[in-house]
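This is work22.cif (mmCIF, C-alpha atoms).
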data_entry
loop_
_atom_site.label_atom_id
_atom_site.label_comp_id
_atom_site.auth_asym_id
_atom_site.auth_seq_id
_atom_site.Cartn_x
_atom_site.Cartn_y
_atom_site.Cartn_z
CA MET A 1 -43.43 -67.87 64.69
CA ASP A 2 -47.09 -68.62 64.60
CA ARG A 3 -49.88 -66.25 65.63
CA ILE A 4 -49.56 -67.10 69.29
CA GLY A 5 -45.83 -66.59 69.39
CA HIS A 6 -44.55 -70.18 69.29
CA GLU A 7 -41.65 -71.00 67.08
CA VAL A 8 -42.61 -73.02 64.01
CA PRO A 9 -40.10 -75.68 62.96
CA THR A 10 -38.54 -75.17 59.55
CA ALA A 11 -36.90 -77.69 57.31
CA ARG A 12 -34.11 -77.26 54.85
CA ASN A 13 -34.34 -78.64 51.35
CA GLY A 14 -31.41 -79.93 49.34
CA ARG A 15 -30.38 -76.40 48.33
CA GLY A 16 -30.16 -75.09 51.89
CA GLU A 17 -33.42 -73.13 51.66
CA THR A 18 -35.93 -73.24 54.45
CA GLY A 19 -39.53 -74.02 53.80
CA THR A 20 -42.32 -74.06 56.33
CA SER A 21 -44.63 -75.94 53.95
CA GLN A 22 -42.36 -78.95 53.96
CA ALA A 23 -42.04 -78.89 57.73
CA LEU A 24 -45.79 -78.59 58.19
CA GLY A 25 -46.85 -81.24 55.75
CA GLY A 26 -44.06 -82.36 53.60
CA PRO A 27 -43.94 -82.37 49.80
CA ALA A 28 -47.66 -83.19 49.49
CA ALA A 29 -48.61 -79.92 51.14
CA GLY A 30 -46.35 -78.03 48.73
CA MET A 31 -47.98 -79.79 45.78
CA GLN A 32 -51.45 -78.94 47.07
CA GLN A 33 -50.49 -75.31 47.43
CA HIS A 34 -49.00 -75.35 43.92
CA ASP A 35 -52.18 -76.96 42.53
CA ARG A 36 -54.34 -74.32 44.25
CA LEU A 37 -52.13 -71.60 42.77
CA VAL A 38 -52.42 -73.09 39.28
CA GLN A 39 -56.20 -73.45 39.69
CA GLY A 40 -56.42 -69.85 40.88
CA GLN A 41 -54.48 -68.64 37.86
CA ALA A 42 -56.70 -70.67 35.53
CA MET A 43 -59.78 -69.20 37.23
CA VAL A 44 -58.41 -65.66 36.78
CA ARG A 45 -57.77 -66.33 33.07
CA LEU A 46 -61.27 -67.76 32.66
CA LEU A 47 -62.90 -64.79 34.40
CA PHE A 48 -60.79 -62.39 32.34
CA ALA A 49 -61.85 -64.11 29.11
CA GLN A 50 -65.51 -63.92 30.17
CA LEU A 51 -65.07 -60.23 30.95
CA LEU A 52 -63.58 -59.59 27.50
CA ILE A 53 -66.42 -61.48 25.81
CA SER A 54 -69.01 -59.50 27.78
CA LEU A 55 -67.32 -56.21 26.92
CA GLY A 56 -67.23 -57.18 23.26
CA ARG A 57 -70.93 -57.97 23.26
CA LEU A 58 -71.78 -54.72 25.03
CA ARG A 59 -69.69 -52.76 22.56
CA GLN A 60 -71.39 -54.44 19.62
CA GLU A 61 -74.86 -53.79 21.08
CA TYR A 62 -73.94 -50.18 21.77
CA SER A 63 -72.56 -49.59 18.29
CA THR A 64 -75.57 -51.17 16.55
CA SER A 65 -78.05 -49.29 18.74
CA GLY A 66 -76.19 -46.05 17.99
CA GLN A 67 -76.22 -46.89 14.27
CA GLN A 68 -79.98 -47.46 14.42
CA GLU A 69 -80.35 -44.09 16.11
CA TYR A 70 -78.27 -42.51 13.34
CA ASP A 71 -80.42 -44.28 10.76
CA HIS A 72 -83.49 -42.69 12.30
CA TYR A 73 -82.07 -39.16 12.13
CA VAL A 74 -80.70 -39.59 8.62
CA LYS A 75 -84.01 -41.03 7.39
CA GLN A 76 -85.83 -38.04 8.86
CA CYS A 77 -83.41 -35.72 7.06
CA LEU A 78 -83.78 -37.55 3.77
CA ASN A 79 -87.57 -37.47 4.00
CA TYR A 80 -87.48 -33.75 4.73
CA LEU A 81 -85.13 -33.08 1.82
CA HIS A 82 -87.19 -35.12 -0.64
CA GLU A 83 -90.42 -33.42 0.43
CA ASN A 84 -89.01 -29.88 0.47
CA TYR A 85 -86.20 -29.78 -2.11
CA ASP A 86 -88.13 -27.11 -4.02
CA GLN A 87 -87.79 -24.67 -1.11
CA GLU A 88 -84.82 -22.80 0.31
CA ILE A 89 -83.18 -25.15 2.82
CA HIS A 90 -80.32 -24.54 5.24
CA VAL A 91 -78.55 -27.05 7.49
CA GLN A 92 -79.92 -25.24 10.53
CA ASP A 93 -83.48 -25.80 9.24
CA VAL A 94 -82.98 -29.54 8.90
CA ALA A 95 -81.17 -29.75 12.25
CA GLY A 96 -84.15 -28.04 13.86
CA ILE A 97 -86.51 -30.59 12.31
CA VAL A 98 -84.58 -33.54 13.80
CA ASN A 99 -83.63 -31.70 17.03
CA LEU A 100 -79.87 -32.08 16.63
CA HIS A 101 -76.99 -29.63 16.65
CA PRO A 102 -76.16 -28.67 13.02
CA GLY A 103 -72.52 -29.78 13.33
CA TYR A 104 -73.47 -33.16 14.79
CA LEU A 105 -76.13 -33.65 12.12
CA GLN A 106 -73.60 -32.86 9.39
CA ARG A 107 -71.19 -35.44 10.82
CA ILE A 108 -73.66 -38.32 11.13
CA PHE A 109 -75.24 -37.48 7.76
CA LYS A 110 -71.87 -37.58 6.00
CA ASN A 111 -70.84 -40.79 7.79
CA HIS A 112 -74.08 -42.42 6.71
CA THR A 113 -74.41 -41.14 3.13
CA GLY A 114 -70.86 -40.20 2.16
CA GLU A 115 -72.01 -36.69 1.24
CA THR A 116 -72.65 -33.53 3.20
CA LEU A 117 -76.26 -32.55 3.59
CA MET A 118 -75.92 -29.71 1.08
CA GLN A 119 -74.11 -31.92 -1.46
CA TYR A 120 -76.95 -34.42 -1.19
CA LEU A 121 -79.55 -31.67 -1.58
CA THR A 122 -77.78 -30.27 -4.65
CA ARG A 123 -77.53 -33.72 -6.24
CA LEU A 124 -81.22 -34.34 -5.50
CA ARG A 125 -82.16 -31.01 -7.09
CA MET A 126 -80.04 -31.70 -10.19
CA ASP A 127 -81.58 -35.17 -10.57
CA LYS A 128 -85.06 -33.63 -10.37
CA ALA A 129 -84.02 -30.95 -12.87
CA SER A 130 -82.77 -33.67 -15.25
CA MET A 131 -86.17 -35.33 -15.05
CA LEU A 132 -87.96 -32.02 -15.67
CA LEU A 133 -85.80 -31.35 -18.71
CA HIS A 134 -87.46 -34.38 -20.31
CA THR A 135 -90.71 -32.42 -20.30
CA ASP A 136 -91.79 -29.30 -22.15
CA ILE A 137 -91.39 -27.05 -19.09
CA PRO A 138 -89.33 -23.98 -20.02
CA VAL A 139 -85.73 -24.17 -18.77
CA ALA A 140 -86.15 -20.80 -17.06
CA ASP A 141 -88.93 -22.22 -14.84
CA ILE A 142 -87.12 -25.44 -13.88
CA ALA A 143 -84.73 -23.52 -11.60
CA ASP A 144 -87.69 -22.37 -9.52
CA TYR A 145 -89.25 -25.86 -9.52
CA VAL A 146 -86.14 -27.36 -7.94
CA GLY A 147 -85.66 -24.65 -5.31
CA ILE A 148 -82.85 -22.64 -6.87
CA GLY A 149 -83.82 -18.99 -7.10
CA SER A 150 -81.09 -17.84 -9.47
CA ARG A 151 -81.16 -19.08 -13.07
CA GLN A 152 -77.46 -18.37 -13.52
CA TYR A 153 -76.61 -20.36 -10.41
CA PHE A 154 -78.90 -23.15 -11.60
CA HIS A 155 -77.13 -23.28 -14.98
CA ALA A 156 -73.70 -23.39 -13.27
CA LEU A 157 -74.77 -26.15 -10.86
CA PHE A 158 -76.41 -28.19 -13.60
CA LYS A 159 -73.33 -27.98 -15.81
CA LYS A 160 -71.10 -28.98 -12.90
CA HIS A 161 -73.39 -31.93 -12.13
CA THR A 162 -74.00 -33.24 -15.66
CA GLY A 163 -71.34 -31.68 -17.84
CA PHE A 164 -74.02 -29.95 -19.94
CA THR A 165 -75.95 -26.73 -19.63
CA PRO A 166 -79.69 -27.34 -19.20
CA VAL A 167 -80.35 -26.25 -22.80
CA HIS A 168 -77.67 -28.55 -24.25
CA TYR A 169 -78.89 -31.40 -22.03
CA ARG A 170 -82.41 -31.02 -23.41
CA LYS A 171 -81.16 -30.76 -27.02
CA ALA A 172 -78.97 -33.86 -26.57
CA ARG A 173 -81.97 -35.76 -25.23
CA PHE A 174 -84.15 -34.81 -28.20
CA THR A 175 -81.32 -35.62 -30.61
CA ARG A 176 -80.98 -39.11 -29.12
CA ILE A 177 -84.71 -39.70 -29.35
CA ASN A 178 -84.85 -38.56 -33.00
CA ASN A 179 -81.87 -40.78 -33.90
CA LEU A 180 -83.60 -43.89 -32.53
#

Would you encode the structure as structure tokens?
Amino acid sequence: MDRIGHEVPTARNGRGETGTSQALGGPAAGMQQHDRLVQGQAMVRLLFAQLLISLGRLRQEYSTSGQQEYDHYVKQCLNYLHENYDQEIHVQDVAGIVNLHPGYLQRIFKNHTGETLMQYLTRLRMDKASMLLHTDIPVADIADYVGIGSRQYFHALFKKHTGFTPVHYRKARFTRINNL
């Protein structure tokens, strides 16, 4: 029945099935409907592909903008550490400088540098101590110069970092120079 209530003629195909499209326009109407269906499916696939491409671009932009933001915070931390390594520094102090939660700062710092903030600070201090051991500054004073208050702790850290105590490191350096 149509919308008004009249009966619409139906036709039977070779398999005994009825089909209003054949009765209303024959096989050409069925082909047109099939073509529109195929075109609609192609349009859906095309729109879906465009959506996926757009999402991919947005994700890439978001991830690079987030990485740049991380770079900014990590650079601020590194600058602070390099300028203040000779002072007592805690993660909370650095987090306060960059206005981030200490746990979040630790996570982005480690993702960016491969080390925790304190591991980086210790390595920086030991590298500075190695440089100072090439001078005539007494070993006892170098611990204070690199921000480590305890000489015993400094000796333990230095040995862990280099494999030598500060005194042996300095002697090995002078021995190498004299042998050249």

Answer key for the PyMOL selection byres ((chain A and resi 74-86) around 7), residues as a CSV table (one decimal) with C-alpha atoms, in the frame of the given file:
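Writing the result to selection_28.csv gives the following:
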chain,number,residue,atom,x,y,z
A,70,TYR,CA,-78.3,-42.5,13.3
A,71,ASP,CA,-80.4,-44.3,10.8
A,72,HIS,CA,-83.5,-42.7,12.3
A,73,TYR,CA,-82.1,-39.2,12.1
A,87,GLN,CA,-87.8,-24.7,-1.1
A,88,GLU,CA,-84.8,-22.8,0.3
A,94,VAL,CA,-83.0,-29.5,8.9
A,98,VAL,CA,-84.6,-33.5,13.8
A,109,PHE,CA,-75.2,-37.5,7.8
A,121,LEU,CA,-79.6,-31.7,-1.6
A,125,ARG,CA,-82.2,-31.0,-7.1
A,145,TYR,CA,-89.2,-25.9,-9.5
A,146,VAL,CA,-86.1,-27.4,-7.9
A,147,GLY,CA,-85.7,-24.6,-5.3

*By how many Å are CA of His134 in chain A and CA of Tyr120 in chain A apart?*
21.8 Å

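With CA of Phe158 in chain A on one side and CA of Met126 in chain A on the other, the separation reads 6.1 Å.
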
*For each of A:Ser150, A:Gln41, A:Ser130, A:Thr135, take the minimum atom-to-atom distance to Pro166 in chain A, counting only C-alpha atoms, then give the residue where this is smallest.*
A:Ser130

Tell me which protein, DNA and RNA residues are within 9 Å of Thr122 in chain A, counting all atoms listed in the file, leaving out same-chain ones fewer than 5 positions away, and put them as an mmCIF file with C-alpha atoms, in the coordinates of the input.
data_model
loop_
_atom_site.group_PDB
_atom_site.id
_atom_site.type_symbol
_atom_site.label_atom_id
_atom_site.label_comp_id
_atom_site.auth_asym_id
_atom_site.auth_seq_id
_atom_site.Cartn_x
_atom_site.Cartn_y
_atom_site.Cartn_z
ATOM 1 C CA TYR A 85 -86.200 -29.780 -2.110
ATOM 2 C CA LEU A 117 -76.260 -32.550 3.590
ATOM 3 C CA ASP A 127 -81.580 -35.170 -10.570
ATOM 4 C CA LEU A 157 -74.770 -26.150 -10.860
ATOM 5 C CA HIS A 161 -73.390 -31.930 -12.130
#

*Separation of CA of Gln119 in chain A and CA of Lys171 in chain A, in Å?*
26.5 Å

Reconstructed range 41-52 of chain A, atom set all heavy atoms, as an mmCIF file, in the frame of the given file:
data_model
loop_
_atom_site.group_PDB
_atom_site.id
_atom_site.type_symbol
_atom_site.label_atom_id
_atom_site.label_comp_id
_atom_site.auth_asym_id
_atom_site.auth_seq_id
_atom_site.Cartn_x
_atom_site.Cartn_y
_atom_site.Cartn_z
ATOM 1 N N GLN A 41 -54.884 -69.332 39.083
ATOM 2 C CA GLN A 41 -54.480 -68.640 37.860
ATOM 3 C C GLN A 41 -55.393 -68.988 36.696
ATOM 4 O O GLN A 41 -55.759 -68.112 35.897
ATOM 5 C CB GLN A 41 -53.022 -68.982 37.518
ATOM 6 C CG GLN A 41 -52.018 -68.377 38.463
ATOM 7 C CD GLN A 41 -50.602 -68.862 38.180
ATOM 8 O OE1 GLN A 41 -50.396 -69.854 37.494
ATOM 9 N NE2 GLN A 41 -49.623 -68.146 38.733
ATOM 10 N N ALA A 42 -55.774 -70.250 36.601
ATOM 11 C CA ALA A 42 -56.700 -70.670 35.530
ATOM 12 C C ALA A 42 -58.044 -69.979 35.704
ATOM 13 O O ALA A 42 -58.664 -69.545 34.725
ATOM 14 C CB ALA A 42 -56.853 -72.186 35.533
ATOM 15 N N MET A 43 -58.499 -69.853 36.956
ATOM 16 C CA MET A 43 -59.780 -69.200 37.230
ATOM 17 C C MET A 43 -59.700 -67.715 36.831
ATOM 18 O O MET A 43 -60.622 -67.169 36.238
ATOM 19 C CB MET A 43 -60.151 -69.337 38.704
ATOM 20 C CG MET A 43 -61.490 -68.726 39.041
ATOM 21 S SD MET A 43 -62.880 -69.462 38.144
ATOM 22 C CE MET A 43 -63.112 -70.931 39.072
ATOM 23 N N VAL A 44 -58.584 -67.072 37.146
ATOM 24 C CA VAL A 44 -58.410 -65.660 36.780
ATOM 25 C C VAL A 44 -58.443 -65.510 35.272
ATOM 26 O O VAL A 44 -59.088 -64.600 34.738
ATOM 27 C CB VAL A 44 -57.093 -65.098 37.385
ATOM 28 C CG1 VAL A 44 -56.739 -63.760 36.769
ATOM 29 C CG2 VAL A 44 -57.210 -64.982 38.888
ATOM 30 N N ARG A 45 -57.752 -66.396 34.541
ATOM 31 C CA ARG A 45 -57.770 -66.330 33.070
ATOM 32 C C ARG A 45 -59.172 -66.528 32.528
ATOM 33 O O ARG A 45 -59.599 -65.832 31.604
ATOM 34 C CB ARG A 45 -56.834 -67.391 32.485
ATOM 35 C CG ARG A 45 -55.386 -67.017 32.571
ATOM 36 C CD ARG A 45 -54.518 -67.976 31.740
ATOM 37 N NE ARG A 45 -53.187 -68.003 32.268
ATOM 38 C CZ ARG A 45 -52.610 -69.040 32.854
ATOM 39 N NH1 ARG A 45 -53.252 -70.181 32.946
ATOM 40 N NH2 ARG A 45 -51.392 -68.963 33.320
ATOM 41 N N LEU A 46 -59.898 -67.487 33.104
ATOM 42 C CA LEU A 46 -61.270 -67.760 32.660
ATOM 43 C C LEU A 46 -62.162 -66.545 32.901
ATOM 44 O O LEU A 46 -62.920 -66.134 32.017
ATOM 45 C CB LEU A 46 -61.824 -68.992 33.382
ATOM 46 C CG LEU A 46 -63.265 -69.365 33.071
ATOM 47 C CD1 LEU A 46 -63.397 -69.788 31.608
ATOM 48 C CD2 LEU A 46 -63.727 -70.482 33.983
ATOM 49 N N LEU A 47 -62.082 -65.975 34.094
ATOM 50 C CA LEU A 47 -62.900 -64.790 34.400
ATOM 51 C C LEU A 47 -62.527 -63.615 33.502
ATOM 52 O O LEU A 47 -63.393 -62.859 33.049
ATOM 53 C CB LEU A 47 -62.745 -64.411 35.873
ATOM 54 C CG LEU A 47 -63.382 -65.380 36.865
ATOM 55 C CD1 LEU A 47 -62.993 -64.997 38.288
ATOM 56 C CD2 LEU A 47 -64.887 -65.404 36.708
ATOM 57 N N PHE A 48 -61.237 -63.454 33.223
ATOM 58 C CA PHE A 48 -60.790 -62.390 32.340
ATOM 59 C C PHE A 48 -61.333 -62.587 30.922
ATOM 60 O O PHE A 48 -61.803 -61.639 30.284
ATOM 61 C CB PHE A 48 -59.262 -62.307 32.328
ATOM 62 C CG PHE A 48 -58.724 -61.132 31.567
ATOM 63 C CD1 PHE A 48 -58.898 -59.838 32.040
ATOM 64 C CD2 PHE A 48 -58.054 -61.307 30.372
ATOM 65 C CE1 PHE A 48 -58.411 -58.755 31.337
ATOM 66 C CE2 PHE A 48 -57.564 -60.234 29.665
ATOM 67 C CZ PHE A 48 -57.746 -58.946 30.152
ATOM 68 N N ALA A 49 -61.310 -63.815 30.445
ATOM 69 C CA ALA A 49 -61.850 -64.110 29.110
ATOM 70 C C ALA A 49 -63.345 -63.826 29.068
ATOM 71 O O ALA A 49 -63.851 -63.258 28.090
ATOM 72 C CB ALA A 49 -61.568 -65.564 28.736
ATOM 73 N N GLN A 50 -64.069 -64.200 30.120
ATOM 74 C CA GLN A 50 -65.510 -63.920 30.170
ATOM 75 C C GLN A 50 -65.776 -62.415 30.181
ATOM 76 O O GLN A 50 -66.704 -61.939 29.546
ATOM 77 C CB GLN A 50 -66.133 -64.582 31.394
ATOM 78 C CG GLN A 50 -66.236 -66.084 31.286
ATOM 79 C CD GLN A 50 -66.791 -66.721 32.555
ATOM 80 O OE1 GLN A 50 -66.750 -66.131 33.629
ATOM 81 N NE2 GLN A 50 -67.302 -67.930 32.405
ATOM 82 N N LEU A 51 -64.936 -61.689 30.913
ATOM 83 C CA LEU A 51 -65.070 -60.230 30.950
ATOM 84 C C LEU A 51 -64.860 -59.631 29.557
ATOM 85 O O LEU A 51 -65.631 -58.776 29.116
ATOM 86 C CB LEU A 51 -64.078 -59.633 31.939
ATOM 87 C CG LEU A 51 -64.036 -58.108 32.011
ATOM 88 C CD1 LEU A 51 -65.353 -57.564 32.555
ATOM 89 C CD2 LEU A 51 -62.874 -57.652 32.864
ATOM 90 N N LEU A 52 -63.841 -60.101 28.848
ATOM 91 C CA LEU A 52 -63.580 -59.590 27.500
ATOM 92 C C LEU A 52 -64.729 -59.909 26.550
ATOM 93 O O LEU A 52 -65.124 -59.073 25.736
ATOM 94 C CB LEU A 52 -62.271 -60.162 26.955
ATOM 95 C CG LEU A 52 -60.993 -59.631 27.606
ATOM 96 C CD1 LEU A 52 -59.771 -60.345 27.039
ATOM 97 C CD2 LEU A 52 -60.866 -58.140 27.422
#
